[in-house]
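Chemist: Handing you this structure, nothing more for now.
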Amino acid sequence: MDTNVNQQQRIISGAAGGVLALLGARKRGFLGLLMAAAGGYLVYRAATGNDPVMQATGGGATSSKPIFVEHSVVIDRPAQQVYDYWRKLENLPQIMSHLESVTVLDDRRSRWVAKAPLGSHVEWEAEIVNDKPGERIGWHSLPGATVDNAGSVQFESMPGGTSTRVHVALSYRPPAGPLGAAVAKLFGEEPSQQIAEDLQKFKQTFEGSSKN
């Protein structure tokens with residue numbers, strides 16, 4: 001049998017599938033049946049390295065439709081100050097709750113480690129492709145990344161220059177494709193809600209820590 005799921009994705013699918021199948025068996029009704037079915041599908045995917053849905057649609061391990069999320073928040077600090085904090089990539093895990101660490105490799109490349117379902121992890125290398133101090137930062141993952149992703153942050157100085165509208169846009173393909181996104185939502189990890197909460201928390205923390 002041909003495989004279209006890489007090793008790290010098989011590990012994540014196996015862990016998630018086992019828990020879903022167990023939870024589904026304990027629940028009653030339609031939700032339990034749905035969870036058990038999703039768990040069985042992920043276990044099959046992990047055991048065989050083959051995703052029938054991807055195969056039927058002619059896709060590979062990263063060919064699922066990207067998920068796009070965006071959100072804005074106004075921070076009561078000048079644009080350059082907010083940009084400087086974001087540009088130090090090691091600070092990003094303090095902003096984005098799904099990140100565990102970002103290690104800078106050189107002026108443009110960095111290694112990202114993110115949390116995945118059920119205590120597992122995924123990591124990839126990314127490259128900054130658009131950097132205009134005080135205005136914007138853009139990046140994308142490098143070829144071969146388990147999580148194919150791209151993102152940008154715009155820093156718009158508001159009238160008076162003392163506050164900044166921060167607009168974050170992220171696009172990614174989850175490790176387990178569309179089913180992986182559905183499983184994440186089942187566990188309450190809805191990405192658009194998550195980024196909104198992350199930015200609100202960043203606003204409160206950054207404004208508080210930046211007071212003179």
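Here, A, B, ... name the chains of the structure tokens in the order displayed, residue numbers run from 1 inside each chain, and ligands are numbered from 1 in the same displayed order.
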I'd like the contact shell of range 102-106 of chain A - 9 Å cut-off, only C-alpha atoms, skipping same-chain residues fewer than 6 positions apart - returned as a ChimeraX atom specification.

Modeler: /A:88-93,112-114

Chemist: Near Val74 in chain A, counting only C-alpha atoms, which residues have an atom at most 10 Å away, once you skip same-chain residues fewer than 6 positions from it, shown as a PDB file with N, CA and C atoms, in the first residue's frame?

Modeler:
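What follows is the written file out_20.pdb:
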ATOM      1  N   PHE A 155       1.592  46.565  11.623  1.00  0.00           N
ATOM      2  CA  PHE A 155       1.575  47.507  12.737  1.00  0.00           C
ATOM      3  C   PHE A 155       1.156  48.873  12.187  1.00  0.00           C
ATOM      4  N   GLU A 156      -0.094  49.240  12.419  1.00  0.00           N
ATOM      5  CA  GLU A 156      -0.634  50.487  11.883  1.00  0.00           C
ATOM      6  C   GLU A 156      -0.675  51.552  12.976  1.00  0.00           C
ATOM      7  N   SER A 157       0.126  52.587  12.802  1.00  0.00           N
ATOM      8  CA  SER A 157       0.152  53.668  13.781  1.00  0.00           C
ATOM      9  C   SER A 157      -1.163  54.440  13.731  1.00  0.00           C
ATOM     10  N   MET A 158      -1.805  54.596  14.872  1.00  0.00           N
ATOM     11  CA  MET A 158      -3.073  55.304  14.959  1.00  0.00           C
ATOM     12  C   MET A 158      -2.829  56.809  15.075  1.00  0.00           C
ATOM     13  N   SER A 163      -0.675  54.907  19.859  1.00  0.00           N
ATOM     14  CA  SER A 163      -1.276  53.570  19.880  1.00  0.00           C
ATOM     15  C   SER A 163      -1.145  52.923  18.507  1.00  0.00           C
ATOM     16  N   THR A 164      -1.308  51.600  18.473  1.00  0.00           N
ATOM     17  CA  THR A 164      -1.045  50.827  17.262  1.00  0.00           C
ATOM     18  C   THR A 164      -2.123  49.779  17.052  1.00  0.00           C
ATOM     19  N   ARG A 165      -2.621  49.692  15.822  1.00  0.00           N
ATOM     20  CA  ARG A 165      -3.496  48.578  15.468  1.00  0.00           C
ATOM     21  C   ARG A 165      -2.617  47.434  14.964  1.00  0.00           C
ATOM     22  N   VAL A 166      -2.665  46.308  15.665  1.00  0.00           N
ATOM     23  CA  VAL A 166      -1.900  45.119  15.288  1.00  0.00           C
ATOM     24  C   VAL A 166      -2.841  44.152  14.583  1.00  0.00           C
ATOM     25  N   HIS A 167      -2.536  43.840  13.337  1.00  0.00           N
ATOM     26  CA  HIS A 167      -3.374  42.923  12.553  1.00  0.00           C
ATOM     27  C   HIS A 167      -2.551  41.676  12.231  1.00  0.00           C
ATOM     28  N   LEU A 199      -4.213  37.594  21.355  1.00  0.00           N
ATOM     29  CA  LEU A 199      -3.939  39.014  21.134  1.00  0.00           C
ATOM     30  C   LEU A 199      -4.496  39.879  22.265  1.00  0.00           C
ATOM     31  N   GLN A 200      -5.646  39.505  22.788  1.00  0.00           N
ATOM     32  CA  GLN A 200      -6.207  40.266  23.900  1.00  0.00           C
ATOM     33  C   GLN A 200      -5.317  40.136  25.133  1.00  0.00           C
ATOM     34  N   LYS A 203      -2.233  42.264  24.579  1.00  0.00           N
ATOM     35  CA  LYS A 203      -2.552  43.678  24.786  1.00  0.00           C
ATOM     36  C   LYS A 203      -2.489  44.030  26.273  1.00  0.00           C
TER      37      LYS A 203
END

Chemist: Taking into account only C-alpha atoms, which residue in the set A:Gly161, A:Arg26, A:Asp131, A:Ser209 is nearest to Asp84 in chain A?

Modeler: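 Ranking A:Gly161, A:Arg26, A:Asp131, A:Ser209 by distance to Asp84 in chain A, first place goes to A:Asp131.
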
Chemist: Please determine, counting only C-alpha atoms, which residue among A:Pro133, A:His121, A:Leu170, A:Gly160 has the shortest atom-to-atom distance to Thr146 in chain A.

Modeler: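 Closest residue, counting only C-alpha atoms: A:His121.
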
Chemist: Report, in Å with one decimal, the straight-line distance from CA of Gln154 in chain A to CA of Glu135 in chain A.

Modeler: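 Going from CA of Gln154 in chain A over to CA of Glu135 in chain A covers 5.8 Å.
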